Amino acid sequence: MVTYKIHFFRHGMAEDPSRKICLGGRTDPALTPDGAQELRELMSTYQYPFAQKVYTSPMLRCTQTADILFPDTEGEIMDELRECDLGEFDGKSIAELKGNEKFLGWLEGKNPPPGGETHEEFGARIACAFDDIIHDMSEHYLTETAAVTHGTVIMGLFAMCGYPREEMRYWAVDSGCGYTVRTSVSMWMHDNCFEVITPQPMGGEAAEDEPMTEEEREWNFIE
């Protein structure tokens with residue numbers, strides 16, 4: 001049975017974290033100079049995996065990250081890997097939204113962002129993205145690829161389909177970090193699941209060097 005490995009990575013820093021801006025599927029800043037430099041330093045310190053192809057969100061922060069992490073790898077932009085549509089919240093700061101009842105309700109899972117995606121719509125879209133990746137790998141005889149996307153996409157997909165089963169915030173990762181997953185066509189088609197096998201990048205396991213605080217996990221969920 002053929003098994004497939006996909007290395008998921010979160011994009012580099014595209015906004016000053018101290019500003020706490022909600023970066024969704026509508027706000028499209030480039031990587032900051034510090035964000036690009038941080039990725040290069042990670043590459044010089046840790047071992048990033050081989051990939052026969054890299055799938056990326058169309059957002060600039062992801063395509064630029066892919067160019068840094070996988071400069072010589074064939075790429076494909078997948079709109080389904082785009083960040084969650086945050087509707088009226090997109091591009092606004094937490095300071096602007098902190099008194100907004102709809103924003104607080106969204107954080108608590110009570111309502112979608114006005115004009116944005118529901119949890120169900122977002123979940124269906126990112127599951128479709130994974131399905132398309134598996135079909136493309138199968139069709140083109142690829143066994144090891146990468147996906148550069150967003151923190152919420154990784155957390156949402158892994159919470160829905162990943163083993164071991166963990167809540168969404170458990171899968172929060174830093175910029176330029178992520179996880180490798182493994183599955184097969186039958187495992188995905190029959191059970192809609194994959195196994196999370198290791199954090200990335202390797203060589204120092206940067207994704208786990210300093211476990212995130214609850215506050216950091218909360219911010220990863222928003223950004």
# chains A, B, ... in the order shown; residues from 1 in each chain; ligands from 1

$ select_by_dssp --residues "chain A" --states "alpha helix (DSSP H)" --output "MDAnalysis selection string"
chainID A and resid 33:45 60:69 94:97 101:107 119:139 151:161 185:191 214:222

$ closest_atom_pairs --of "stretch 127-161 of chain A" --to "stretch 35-54 of chain A" --cutoff "6 Å" --atoms "only C-alpha atoms" --output "CSV"
residue,atom,partner,partner_atom,distance
A:Glu144,CA,A:Ala51,CA,5.4
A:Thr145,CA,A:Ala51,CA,4.4
A:Ala146,CA,A:Val54,CA,4.6
A:Ala147,CA,A:Val54,CA,5.5

$ write_last_selection --atoms "C-alpha atoms" --output "compact mmCIF listing (two decimals), in the first residue's frame"
# COMPACT_ATOMS: atom_id res chain seq x y z
CA GLU A 144 6.24 13.38 -0.25
CA THR A 145 5.01 16.97 -0.59
CA ALA A 146 4.62 20.15 1.47
CA ALA A 147 1.81 22.62 2.09

$ residues_around --residues "A:Cys84" --least-positions-apart "5" --cutoff "10 Å" --atoms "only C-alpha atoms" --output "mmCIF file with C-alpha atoms, in the first residue's frame"
data_model
loop_
_atom_site.group_PDB
_atom_site.id
_atom_site.type_symbol
_atom_site.label_atom_id
_atom_site.label_comp_id
_atom_site.auth_asym_id
_atom_site.auth_seq_id
_atom_site.Cartn_x
_atom_site.Cartn_y
_atom_site.Cartn_z
ATOM 1 C CA LEU A 23 -5.293 38.481 9.354
ATOM 2 C CA GLY A 24 -7.923 36.496 7.497
ATOM 3 C CA GLY A 25 -8.560 35.558 3.899
ATOM 4 C CA ARG A 26 -9.070 39.167 2.788
ATOM 5 C CA ASP A 90 -10.604 40.975 8.839
ATOM 6 C CA GLY A 116 -17.395 35.635 6.820
ATOM 7 C CA GLU A 117 -17.226 31.842 6.783
ATOM 8 C CA THR A 118 -19.061 29.619 9.220
ATOM 9 C CA HIS A 119 -17.126 26.867 10.997
ATOM 10 C CA GLU A 121 -17.972 26.188 5.548
ATOM 11 C CA PHE A 122 -14.364 26.597 6.630
ATOM 12 C CA GLY A 123 -14.089 22.953 7.671
ATOM 13 C CA ARG A 125 -13.164 23.866 2.385
ATOM 14 C CA ILE A 126 -9.958 22.795 4.118
ATOM 15 C CA HIS A 150 -2.125 29.457 7.728
ATOM 16 C CA GLY A 151 -2.254 28.702 11.425
ATOM 17 C CA THR A 152 -6.038 28.403 11.503
ATOM 18 C CA VAL A 153 -6.042 26.090 8.476
ATOM 19 C CA GLY A 156 -8.788 23.295 11.940
ATOM 20 C CA ILE A 222 -7.100 34.597 15.896
ATOM 21 C CA GLU A 223 -4.252 35.437 13.512
#

$ atom_distance --atom1 "atom CA of A:Glu96" --atom2 "atom CA of A:Lys20"
10.1 Å

$ select_by_dssp --residues "stretch 85-198 of chain A" --states "strand (DSSP E or B)" --output "count of residues only"
21

$ residues_around --residues "stretch 184-191 of chain A" --least-positions-apart "6" --cutoff "9 Å" --atoms "only C-alpha atoms" --output "PDB file with C-alpha atoms, in the first residue's frame"
ATOM      1  CA  MET A   1       0.000   0.000   0.000  1.00  0.00           C
ATOM      2  CA  VAL A   2       1.341   3.432  -0.987  1.00  0.00           C
ATOM      3  CA  THR A   3       1.543   5.948   1.832  1.00  0.00           C
ATOM      4  CA  TYR A   4       1.793   9.704   1.431  1.00  0.00           C
ATOM      5  CA  LYS A   5       3.672  12.235   3.545  1.00  0.00           C
ATOM      6  CA  ASP A 131      -8.607  15.693  -0.600  1.00  0.00           C
ATOM      7  CA  ILE A 134      -4.077  13.409  -2.012  1.00  0.00           C
ATOM      8  CA  HIS A 135      -5.678  13.008  -5.432  1.00  0.00           C
ATOM      9  CA  SER A 138      -1.836   9.813  -6.391  1.00  0.00           C
ATOM     10  CA  CYS A 161      -8.899  14.755  10.719  1.00  0.00           C
TER      11      CYS A 161
END

$ atom_distance --atom1 "atom CA of A:Leu104" --atom2 "atom CA of A:Cys128"
28.3 Å

$ atom_distance --atom1 "atom CA of A:Asp85" --atom2 "atom CA of A:Val196"
25.9 Å

$ closest_residue --among "A:Tyr179, A:Phe103, A:Phe130, A:Trp171" --to "A:Leu81" --atoms "only C-alpha atoms"
A:Phe130

$ closest_residue --among "A:Gly105, A:Gly12, A:Pro17, A:Pro201" --to "A:Met59" --atoms "only C-alpha atoms"
A:Gly12

$ residues_around --residues "A:Gly91" --least-positions-apart "5" --cutoff "6 Å" --atoms "only C-alpha atoms" --output "CSV table (one decimal) with all heavy atoms, in the first residue's frame"
chain,number,residue,atom,x,y,z
A,21,ILE,N,-3.4,42.1,14.8
A,21,ILE,CA,-4.3,42.3,13.8
A,21,ILE,C,-4.9,41.0,13.3
A,21,ILE,O,-4.2,40.0,13.3
A,21,ILE,CB,-3.6,42.9,12.6
A,21,ILE,CG1,-3.0,44.3,13.0
A,21,ILE,CG2,-4.6,43.1,11.4
A,21,ILE,CD1,-3.9,45.3,13.4
A,22,CYS,N,-6.2,40.9,13.1
A,22,CYS,CA,-6.9,39.7,12.6
A,22,CYS,C,-6.6,39.6,11.1
A,22,CYS,O,-7.1,40.3,10.3
A,22,CYS,CB,-8.4,39.8,12.8
A,22,CYS,SG,-8.9,39.7,14.5
A,23,LEU,N,-5.6,38.7,10.7
A,23,LEU,CA,-5.3,38.5,9.4
A,23,LEU,C,-6.1,37.3,8.8
A,23,LEU,O,-5.8,36.1,9.1
A,23,LEU,CB,-3.8,38.2,9.2
A,23,LEU,CG,-2.8,39.4,9.6
A,23,LEU,CD1,-1.4,38.9,9.3
A,23,LEU,CD2,-3.2,40.6,8.8
A,27,THR,N,-7.2,40.1,4.1
A,27,THR,CA,-6.1,41.0,4.3
A,27,THR,C,-4.8,40.3,3.8
A,27,THR,O,-4.5,39.2,4.3
A,27,THR,CB,-6.0,41.4,5.8
A,27,THR,OG1,-7.2,41.9,6.2
A,27,THR,CG2,-4.9,42.4,6.0

$ closest_residue --among "A:Ser93, A:Gly176, A:Thr56, A:Asp136" --to "A:Met78" --atoms "only C-alpha atoms"
A:Thr56

$ closest_residue --among "A:Asn192, A:Pro71, A:Leu86, A:Asn111" --to "A:Ala124" --atoms "only C-alpha atoms"
A:Asn192

$ closest_residue --among "A:Gly162, A:Ala14, A:Thr63, A:Val173" --to "A:Ala127" --atoms "only C-alpha atoms"
A:Gly162

$ closest_residue --among "A:Ala159, A:Leu142, A:Leu31, A:Ile77" --to "A:Ala129" --atoms "only C-alpha atoms"
A:Ile77
